[in-house]
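Okay, upload.cif is below, mmCIF, C-alpha atoms:
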```cif
data_model
loop_
_atom_site.group_PDB
_atom_site.id
_atom_site.type_symbol
_atom_site.label_atom_id
_atom_site.label_comp_id
_atom_site.auth_asym_id
_atom_site.auth_seq_id
_atom_site.Cartn_x
_atom_site.Cartn_y
_atom_site.Cartn_z
ATOM 1 C CA MET R 1 0.000 0.000 0.000
ATOM 2 C CA GLU R 2 2.778 2.422 0.963
ATOM 3 C CA ARG R 3 4.621 1.699 -2.302
ATOM 4 C CA HIS R 4 1.698 3.145 -4.277
ATOM 5 C CA PHE R 5 0.864 5.920 -1.839
ATOM 6 C CA HIS R 6 2.054 8.614 -4.274
ATOM 7 C CA ILE R 7 -0.661 7.564 -6.736
ATOM 8 C CA TRP R 8 -3.303 8.896 -4.344
ATOM 9 C CA PHE R 9 -1.670 12.323 -4.483
ATOM 10 C CA ILE R 10 -1.544 12.603 -8.279
ATOM 11 C CA SER R 11 -4.836 10.843 -9.068
ATOM 12 C CA PRO R 12 -7.042 13.974 -8.582
ATOM 13 C CA VAL R 13 -4.916 15.902 -11.093
ATOM 14 C CA VAL R 14 -4.934 13.010 -13.551
ATOM 15 C CA ILE R 15 -8.711 12.610 -13.257
ATOM 16 C CA PHE R 16 -9.202 16.355 -13.706
ATOM 17 C CA LEU R 17 -7.034 16.400 -16.839
ATOM 18 C CA LEU R 18 -8.827 13.382 -18.286
ATOM 19 C CA VAL R 19 -12.228 14.988 -17.724
ATOM 20 C CA LEU R 20 -10.996 18.299 -19.123
ATOM 21 C CA THR R 21 -9.340 16.906 -22.257
ATOM 22 C CA LEU R 22 -10.353 13.317 -22.978
ATOM 23 C CA LEU R 23 -14.132 13.641 -22.699
ATOM 24 C CA PRO R 24 -14.404 16.750 -24.942
ATOM 25 C CA THR R 25 -12.124 15.054 -27.491
ATOM 26 C CA ILE R 26 -14.282 11.925 -27.549
ATOM 27 C CA TYR R 27 -17.396 14.066 -27.954
ATOM 28 C CA LEU R 28 -15.669 15.992 -30.761
ATOM 29 C CA PHE R 29 -15.016 12.749 -32.661
ATOM 30 C CA TYR R 30 -18.629 11.679 -32.117
ATOM 31 C CA LEU R 31 -19.967 15.027 -33.260
ATOM 32 C CA SER R 32 -17.853 14.864 -36.426
ATOM 33 C CA LEU R 33 -19.847 11.741 -37.372
ATOM 34 C CA CYS R 34 -23.172 13.510 -36.925
ATOM 35 C CA ARG R 35 -25.276 15.997 -38.774
ATOM 36 C CA TRP R 36 -26.230 18.701 -36.315
ATOM 37 C CA ASP R 37 -27.930 21.851 -37.375
ATOM 38 C CA VAL R 38 -28.550 23.608 -34.050
ATOM 39 C CA ILE R 39 -31.521 25.448 -35.511
ATOM 40 C CA THR R 40 -33.423 22.337 -36.580
ATOM 41 C CA GLY R 41 -32.725 19.875 -33.798
ATOM 42 C CA THR R 42 -30.432 17.331 -32.142
ATOM 43 C CA PRO R 43 -27.422 15.514 -33.658
ATOM 44 C CA THR R 44 -28.212 12.629 -35.986
ATOM 45 C CA PHE R 45 -25.566 10.057 -36.883
ATOM 46 C CA ASN R 46 -24.564 10.180 -40.546
ATOM 47 C CA GLY R 47 -21.324 8.196 -40.573
ATOM 48 C CA LEU R 48 -18.456 9.607 -42.624
ATOM 49 C CA MET R 49 -20.556 12.017 -44.688
ATOM 50 C CA ASN R 50 -18.985 15.064 -43.045
ATOM 51 C CA TYR R 51 -15.516 13.827 -44.000
ATOM 52 C CA ILE R 52 -16.631 12.937 -47.530
ATOM 53 C CA ASN R 53 -18.110 16.420 -47.936
ATOM 54 C CA LEU R 54 -14.948 17.861 -46.453
ATOM 55 C CA PHE R 55 -12.733 16.309 -49.109
ATOM 56 C CA ARG R 56 -15.117 17.515 -51.810
ATOM 57 C CA ASP R 57 -15.156 21.057 -50.438
ATOM 58 C CA GLN R 58 -12.965 23.369 -52.523
ATOM 59 C CA VAL R 59 -13.276 26.102 -49.894
ATOM 60 C CA PHE R 60 -11.809 23.727 -47.324
ATOM 61 C CA TRP R 61 -8.791 22.939 -49.522
ATOM 62 C CA ALA R 62 -8.268 26.627 -50.244
ATOM 63 C CA SER R 63 -8.392 27.353 -46.488
ATOM 64 C CA LEU R 64 -5.908 24.550 -45.831
ATOM 65 C CA ARG R 65 -3.561 25.914 -48.497
ATOM 66 C CA ARG R 66 -3.728 29.406 -47.009
ATOM 67 C CA THR R 67 -3.109 27.978 -43.540
ATOM 68 C CA LEU R 68 -0.008 26.124 -44.740
ATOM 69 C CA ILE R 69 1.292 29.280 -46.461
ATOM 70 C CA PHE R 70 0.598 31.326 -43.340
ATOM 71 C CA VAL R 71 2.306 28.848 -41.005
ATOM 72 C CA ALA R 72 5.309 28.262 -43.282
ATOM 73 C CA ALA R 73 5.944 31.976 -43.877
ATOM 74 C CA SER R 74 5.434 33.106 -40.293
ATOM 75 C CA VAL R 75 7.285 30.277 -38.525
ATOM 76 C CA SER R 76 10.313 30.384 -40.852
ATOM 77 C CA SER R 77 10.565 34.169 -40.465
ATOM 78 C CA GLN R 78 10.183 33.921 -36.685
ATOM 79 C CA LEU R 79 12.929 31.299 -36.531
ATOM 80 C CA ILE R 80 15.395 33.337 -38.597
ATOM 81 C CA LEU R 81 14.708 36.614 -36.776
ATOM 82 C CA GLY R 82 14.565 35.034 -33.314
ATOM 83 C CA PHE R 83 17.796 33.111 -33.830
ATOM 84 C CA ALA R 84 19.569 36.173 -35.248
ATOM 85 C CA MET R 85 18.493 38.337 -32.309
ATOM 86 C CA ALA R 86 19.535 35.641 -29.834
ATOM 87 C CA LEU R 87 23.001 35.444 -31.431
ATOM 88 C CA LEU R 88 23.409 39.225 -31.304
ATOM 89 C CA ILE R 89 22.265 39.606 -27.699
ATOM 90 C CA ASN R 90 23.784 36.435 -26.245
ATOM 91 C CA ARG R 91 27.093 38.132 -25.496
ATOM 92 C CA PRO R 92 28.671 38.779 -22.106
ATOM 93 C CA HIS R 93 29.131 42.215 -20.593
ATOM 94 C CA ILE R 94 26.494 44.017 -22.682
ATOM 95 C CA ARG R 95 25.081 46.897 -20.659
ATOM 96 C CA GLY R 96 21.300 47.153 -20.369
ATOM 97 C CA ILE R 97 20.746 43.655 -21.745
ATOM 98 C CA GLY R 98 17.851 43.048 -19.344
ATOM 99 C CA ILE R 99 15.962 46.081 -20.642
ATOM 100 C CA VAL R 100 16.557 45.007 -24.261
ATOM 101 C CA ARG R 101 15.233 41.506 -23.571
ATOM 102 C CA THR R 102 12.168 42.924 -21.836
ATOM 103 C CA LEU R 103 11.394 45.163 -24.813
ATOM 104 C CA ILE R 104 11.824 42.246 -27.224
ATOM 105 C CA ILE R 105 9.353 39.979 -25.413
ATOM 106 C CA LEU R 106 6.690 42.685 -24.941
ATOM 107 C CA PRO R 107 4.690 41.778 -28.110
ATOM 108 C CA MET R 108 4.310 38.194 -26.891
ATOM 109 C CA SER R 109 2.729 39.402 -23.648
ATOM 110 C CA ILE R 110 -0.110 41.233 -25.437
ATOM 111 C CA THR R 111 -3.321 39.272 -25.937
ATOM 112 C CA PRO R 112 -4.108 38.404 -29.602
ATOM 113 C CA ILE R 113 -7.368 40.381 -29.580
ATOM 114 C CA VAL R 114 -5.548 43.540 -28.520
ATOM 115 C CA VAL R 115 -2.874 42.830 -31.122
ATOM 116 C CA GLY R 116 -5.539 42.538 -33.821
ATOM 117 C CA LEU R 117 -7.196 45.801 -32.789
ATOM 118 C CA MET R 118 -3.862 47.614 -32.563
ATOM 119 C CA TRP R 119 -2.646 46.482 -35.983
ATOM 120 C CA ARG R 120 -6.049 47.144 -37.537
ATOM 121 C CA ILE R 121 -5.588 50.769 -36.541
ATOM 122 C CA LEU R 122 -1.975 50.810 -37.730
ATOM 123 C CA TYR R 123 -3.014 49.364 -41.105
ATOM 124 C CA ASN R 124 -5.894 51.828 -41.559
ATOM 125 C CA PRO R 125 -5.410 53.455 -44.985
ATOM 126 C CA SER R 126 -6.809 56.833 -43.866
ATOM 127 C CA PHE R 127 -5.217 57.548 -40.493
ATOM 128 C CA GLY R 128 -3.006 54.526 -39.777
ATOM 129 C CA LEU R 129 0.573 55.142 -38.709
ATOM 130 C CA ILE R 130 2.079 52.886 -41.392
ATOM 131 C CA ASN R 131 0.546 54.716 -44.344
ATOM 132 C CA SER R 132 1.244 58.057 -42.671
ATOM 133 C CA LEU R 133 4.948 57.191 -42.525
ATOM 134 C CA LEU R 134 4.908 56.026 -46.140
ATOM 135 C CA ASP R 135 3.141 59.225 -47.155
ATOM 136 C CA PHE R 136 5.858 61.244 -45.403
ATOM 137 C CA PHE R 137 8.382 59.696 -47.804
ATOM 138 C CA GLY R 138 6.126 60.244 -50.806
ATOM 139 C CA ILE R 139 4.936 56.641 -51.060
ATOM 140 C CA VAL R 140 1.248 55.854 -51.492
ATOM 141 C CA GLY R 141 0.439 53.084 -49.044
ATOM 142 C CA PRO R 142 -1.970 50.285 -50.033
ATOM 143 C CA GLU R 143 -5.115 49.188 -48.265
ATOM 144 C CA TRP R 144 -3.242 46.615 -46.240
ATOM 145 C CA LEU R 145 -6.217 44.634 -44.964
ATOM 146 C CA GLY R 146 -8.649 45.564 -47.728
ATOM 147 C CA SER R 147 -6.668 44.385 -50.747
ATOM 148 C CA LYS R 148 -6.358 40.784 -51.891
ATOM 149 C CA ASP R 149 -2.747 41.487 -52.825
ATOM 150 C CA THR R 150 -1.643 42.516 -49.324
ATOM 151 C CA ALA R 151 -4.156 41.104 -46.813
ATOM 152 C CA LEU R 152 -2.495 37.717 -46.272
ATOM 153 C CA LEU R 153 0.959 39.299 -46.093
ATOM 154 C CA SER R 154 -0.357 41.811 -43.557
ATOM 155 C CA VAL R 155 -1.667 39.172 -41.142
ATOM 156 C CA ILE R 156 1.580 37.180 -41.552
ATOM 157 C CA ILE R 157 3.565 40.291 -40.548
ATOM 158 C CA VAL R 158 1.417 40.651 -37.427
ATOM 159 C CA ASP R 159 2.020 37.035 -36.425
ATOM 160 C CA ILE R 160 5.769 37.450 -37.005
ATOM 161 C CA TRP R 161 5.785 40.607 -34.875
ATOM 162 C CA GLN R 162 3.948 38.957 -31.987
ATOM 163 C CA TRP R 163 5.638 35.549 -31.860
ATOM 164 C CA THR R 164 9.250 36.197 -32.871
ATOM 165 C CA PRO R 165 9.900 36.898 -29.147
ATOM 166 C CA PHE R 166 8.954 33.276 -28.401
ATOM 167 C CA MET R 167 11.625 32.066 -30.828
ATOM 168 C CA PHE R 168 14.046 34.563 -29.320
ATOM 169 C CA LEU R 169 13.472 33.195 -25.811
ATOM 170 C CA MET R 170 13.832 29.579 -26.953
ATOM 171 C CA MET R 171 17.011 30.305 -28.932
ATOM 172 C CA THR R 172 18.498 32.361 -26.094
ATOM 173 C CA ALA R 173 17.843 29.582 -23.588
ATOM 174 C CA GLY R 174 19.344 27.050 -25.988
ATOM 175 C CA LEU R 175 22.470 29.099 -26.664
ATOM 176 C CA GLN R 176 23.065 29.659 -22.961
ATOM 177 C CA SER R 177 22.787 25.904 -22.292
ATOM 178 C CA LEU R 178 25.417 24.894 -24.863
ATOM 179 C CA PRO R 179 28.770 23.584 -23.570
ATOM 180 C CA THR R 180 31.661 26.015 -23.927
ATOM 181 C CA GLU R 181 34.407 23.462 -24.661
ATOM 182 C CA PRO R 182 33.656 22.974 -28.405
ATOM 183 C CA PHE R 183 33.656 26.740 -28.989
ATOM 184 C CA GLU R 184 36.905 27.250 -27.095
ATOM 185 C CA ALA R 185 38.563 24.437 -29.058
ATOM 186 C CA ALA R 186 37.313 25.904 -32.355
ATOM 187 C CA LEU R 187 38.719 29.330 -31.484
ATOM 188 C CA VAL R 188 42.067 27.780 -30.624
ATOM 189 C CA ASP R 189 42.063 26.002 -34.016
ATOM 190 C CA GLY R 190 41.414 29.332 -35.746
ATOM 191 C CA ALA R 191 37.843 28.698 -36.910
ATOM 192 C CA SER R 192 35.929 31.709 -38.201
ATOM 193 C CA GLY R 193 32.636 32.896 -36.741
ATOM 194 C CA PHE R 194 30.669 31.489 -39.672
ATOM 195 C CA GLN R 195 32.399 28.106 -39.361
ATOM 196 C CA ILE R 196 31.612 27.981 -35.654
ATOM 197 C CA LEU R 197 27.974 28.825 -36.400
ATOM 198 C CA ARG R 198 27.627 26.244 -39.174
ATOM 199 C CA LEU R 199 29.634 23.365 -37.710
ATOM 200 C CA ILE R 200 29.094 23.731 -33.964
ATOM 201 C CA THR R 201 26.235 26.060 -32.992
ATOM 202 C CA LEU R 202 23.591 24.862 -35.440
ATOM 203 C CA PRO R 203 24.178 21.103 -34.898
ATOM 204 C CA LEU R 204 24.090 21.564 -31.123
ATOM 205 C CA MET R 205 20.986 23.763 -31.375
ATOM 206 C CA LYS R 206 19.096 21.395 -33.689
ATOM 207 C CA PRO R 207 16.931 19.752 -30.965
ATOM 208 C CA ILE R 208 15.959 23.141 -29.490
ATOM 209 C CA ILE R 209 15.212 24.559 -32.935
ATOM 210 C CA LEU R 210 12.991 21.596 -33.808
ATOM 211 C CA VAL R 211 11.094 21.868 -30.527
ATOM 212 C CA ALA R 212 10.516 25.604 -31.018
ATOM 213 C CA VAL R 213 9.407 25.145 -34.626
ATOM 214 C CA LEU R 214 7.043 22.312 -33.661
ATOM 215 C CA PHE R 215 5.455 24.421 -30.920
ATOM 216 C CA ARG R 216 4.936 27.328 -33.307
ATOM 217 C CA ILE R 217 3.526 25.100 -36.064
ATOM 218 C CA ILE R 218 0.977 23.650 -33.655
ATOM 219 C CA ASP R 219 0.179 27.109 -32.331
ATOM 220 C CA GLY R 220 -0.103 28.483 -35.849
ATOM 221 C CA PHE R 221 -2.845 25.977 -36.644
ATOM 222 C CA LYS R 222 -4.667 26.711 -33.434
ATOM 223 C CA VAL R 223 -6.422 29.517 -31.654
ATOM 224 C CA SER R 224 -3.567 32.003 -31.203
ATOM 225 C CA THR R 225 -3.805 33.086 -34.852
ATOM 226 C CA PHE R 226 -7.598 33.023 -34.914
ATOM 227 C CA ASP R 227 -8.199 35.988 -32.620
ATOM 228 C CA SER R 228 -5.929 38.498 -34.327
ATOM 229 C CA ILE R 229 -6.890 37.488 -37.899
ATOM 230 C CA PHE R 230 -10.604 37.460 -37.101
ATOM 231 C CA ILE R 231 -10.399 40.905 -35.499
ATOM 232 C CA MET R 232 -8.452 42.343 -38.433
ATOM 233 C CA THR R 233 -10.153 40.778 -41.463
ATOM 234 C CA LYS R 234 -12.726 38.113 -40.424
ATOM 235 C CA GLY R 235 -11.175 36.005 -43.164
ATOM 236 C CA GLY R 236 -11.532 38.678 -45.866
ATOM 237 C CA PRO R 237 -11.382 40.402 -48.185
ATOM 238 C CA GLY R 238 -13.381 37.654 -49.816
ATOM 239 C CA SER R 239 -11.715 34.602 -48.294
ATOM 240 C CA ILE R 240 -8.077 35.552 -48.844
ATOM 241 C CA THR R 241 -7.188 35.315 -45.123
ATOM 242 C CA GLN R 242 -9.667 32.553 -44.241
ATOM 243 C CA THR R 243 -7.569 29.912 -42.503
ATOM 244 C CA LEU R 244 -8.825 26.518 -41.325
ATOM 245 C CA ASN R 245 -9.727 27.664 -37.839
ATOM 246 C CA ILE R 246 -11.705 30.635 -39.185
ATOM 247 C CA TYR R 247 -13.529 28.408 -41.686
ATOM 248 C CA ALA R 248 -14.353 25.953 -38.889
ATOM 249 C CA PHE R 249 -15.626 28.806 -36.710
ATOM 250 C CA LEU R 250 -17.805 30.173 -39.500
ATOM 251 C CA SER R 251 -19.178 26.700 -40.259
ATOM 252 C CA GLY R 252 -20.012 25.976 -36.652
ATOM 253 C CA PHE R 253 -21.098 29.274 -35.131
ATOM 254 C CA GLU R 254 -22.357 31.378 -38.037
ATOM 255 C CA TRP R 255 -23.699 28.695 -40.380
ATOM 256 C CA PHE R 256 -24.594 26.382 -37.423
ATOM 257 C CA ASN R 257 -23.215 23.220 -39.002
ATOM 258 C CA LEU R 258 -21.432 21.927 -35.915
ATOM 259 C CA GLY R 259 -20.871 18.406 -37.253
ATOM 260 C CA TYR R 260 -19.047 19.702 -40.319
ATOM 261 C CA ALA R 261 -16.999 22.106 -38.193
ATOM 262 C CA SER R 262 -16.082 19.230 -35.853
ATOM 263 C CA ALA R 263 -14.873 17.178 -38.834
ATOM 264 C CA MET R 264 -12.585 20.059 -39.792
ATOM 265 C CA VAL R 265 -11.194 20.209 -36.269
ATOM 266 C CA VAL R 266 -10.603 16.450 -36.247
ATOM 267 C CA PHE R 267 -8.813 16.725 -39.601
ATOM 268 C CA THR R 268 -6.591 19.468 -38.153
ATOM 269 C CA LEU R 269 -5.887 17.317 -35.095
ATOM 270 C CA ILE R 270 -4.870 14.360 -37.284
ATOM 271 C CA LEU R 271 -2.693 16.606 -39.463
ATOM 272 C CA LEU R 272 -0.900 18.034 -36.426
ATOM 273 C CA THR R 273 -0.409 14.525 -35.050
ATOM 274 C CA ILE R 274 1.282 13.494 -38.304
ATOM 275 C CA ILE R 275 3.498 16.594 -38.205
ATOM 276 C CA GLY R 276 4.391 15.849 -34.592
ATOM 277 C CA ARG R 277 5.337 12.277 -35.479
ATOM 278 C CA LEU R 278 7.575 13.552 -38.279
ATOM 279 C CA PHE R 279 9.365 15.811 -35.833
ATOM 280 C CA LEU R 280 9.752 12.896 -33.413
ATOM 281 C CA ARG R 281 11.418 10.888 -36.168
ATOM 282 C CA MET R 282 13.768 13.798 -36.748
ATOM 283 C CA GLY R 283 14.914 13.394 -33.158
ATOM 284 C CA VAL R 284 13.214 16.283 -31.400
ATOM 285 C CA PHE R 285 12.891 14.657 -27.993
ATOM 286 C CA ARG R 286 16.220 12.882 -27.764
ATOM 287 C CA GLU R 287 17.926 12.339 -24.448
ATOM 288 C CA GLU R 288 20.484 15.049 -25.259
ATOM 289 C CA ILE R 289 17.822 17.683 -24.639
#
```

Hey, can you dump this file as structure tokens for me?
Amino acid sequence: MERHFHIWFISPVVIFLLVLTLLPTIYLFYLSLCRWDVITGTPTFNGLMNYINLFRDQVFWASLRRTLIFVAASVSSQLILGFAMALLINRPHIRGIGIVRTLIILPMSITPIVVGLMWRILYNPSFGLINSLLDFFGIVGPEWLGSKDTALLSVIIVDIWQWTPFMFLMMTAGLQSLPTEPFEAALVDGASGFQILRLITLPLMKPIILVAVLFRIIDGFKVSTFDSIFIMTKGGPGSITQTLNIYAFLSGFEWFNLGYASAMVVFTLILLTIIGRLFLRMGVFREEI
């Protein structure tokens, strides 16, 4: 009895987590197999029809394509900028480094809804700060959120601005955890800064980089991007910024087709599971971490 006494301490937390996550997930899978129009009545089982309709839906595939473009562009930019900033700041004896780090992580601390409202004002073609600055230099600014040519790029820029600090924190923590011996030996051998970066820093940082990229990919498919994009464009103009999570929201809570929306969420969950497995095969969670 005493050997398993610790189980009694952790069982309430485990039960709470199971109720909080497992039961809603099971109900989500069940709902994805039902036709439920909340206006007309209760869910009725219709098998795989929601998934069949999903794969026939051209709007769904267009939303998936835009989501992949959004995630690929934003995460790659965040990685490059965050890693570059971490390399520049991760130096000893820099005065005021704490203040600089605090300023860098400020965007990440702002809620996505506030970020969306703030950038919607900045992007405003009439009185927004961005177009006012461009006008000062004699450049006619576009309608950032109102043009099909710039809307998707505009929301990608917002996501990069808000979540590059996350990459910066991950890269900074990784750089500070690296052993010093390989770098000291490389300097003694006369290696250049680029050689040290390419042959020592990047290989040692690979597990941390993969973890950070995986977290941001998962987050990019999820709710963190929904709030700011929905506040700025609601998926428009037309459907140029309509990502999967926005399409699922519209299907479920504006068009009241909750079964179809649940099928989209299940598809996203399966897709993220596959991506996670690919990262596991690449050695993300090795013992070296």

In Å to one decimal, how far is CA of Thr21 (chain R) from CA of Phe55 (chain R)?
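We find that CA of Phe55 (chain R) and CA of Thr21 (chain R) lie 27.1 Å from each other.
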
Which residues, named as in the file, does the PyMOL selection byres ((chain R and resi 94-102) around 12) pick out? Answer as a ChimeraX atom specification.
/R:82,85-86,88-93,103-109,165-166,168-169,172

Take CA of Ala151 (chain R) and CA of Arg56 (chain R) and report the distance between them in Å, one decimal.
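These two atoms are separated by 26.5 Å.
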
So which one's closest to Gly259 (chain R), R:Leu145, R:Ile130, R:Cys34, R:Ala185? Using only C-alpha atoms, please.
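Looking only at the distances to Gly259 (chain R), the closest residue turns out to be R:Cys34.
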
Interatomic distance (Å, one decimal) between CA of Gly146 (chain R) and CA of Lys234 (chain R)
11.2 Å

Excluding region 173-181 of chain R and residues on its chain fewer than 6 positions from it, collect all residues at most 10 Å away from it, counting all atoms listed in the file, and give them as a VMD selection string.
chain R and resid 83 86 to 87 90 to 91 167 187 200 to 202 204 to 209 289

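Take the candidates R:Ala84, R:Leu18, R:Ala73, R:Thr273 and check each one against Met171 (chain R) using only C-alpha atoms; the shortest distance goes to R:Ala84.
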
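If only C-alpha atoms are the atoms counted, then among R:Leu269, R:Thr241, R:Ser262, R:Asp135 the closest residue to Lys222 (chain R) is R:Leu269.
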
Give as a PyMOL selection string the set of residues within 8 Å of the point (-11.5, 46.7, -39.4), where distances use the file's coordinates and only C-alpha atoms.
chain R and resi 117+120-121+124+145+231-233

Export of prior selection with C-alpha atoms as a tab-separated table (two decimals), in the frame of the given file:
```tsv
chain	number	residue	atom	x	y	z
R	117	LEU	CA	-7.20	45.80	-32.79
R	120	ARG	CA	-6.05	47.14	-37.54
R	121	ILE	CA	-5.59	50.77	-36.54
R	124	ASN	CA	-5.89	51.83	-41.56
R	145	LEU	CA	-6.22	44.63	-44.96
R	231	ILE	CA	-10.40	40.90	-35.50
R	232	MET	CA	-8.45	42.34	-38.43
R	233	THR	CA	-10.15	40.78	-41.46
```

Given only C-alpha atoms as the basis, pick out the residue of R:Trp8, R:Phe249, R:Phe29, R:Phe45 nearest to Ile270 (chain R).
R:Phe29
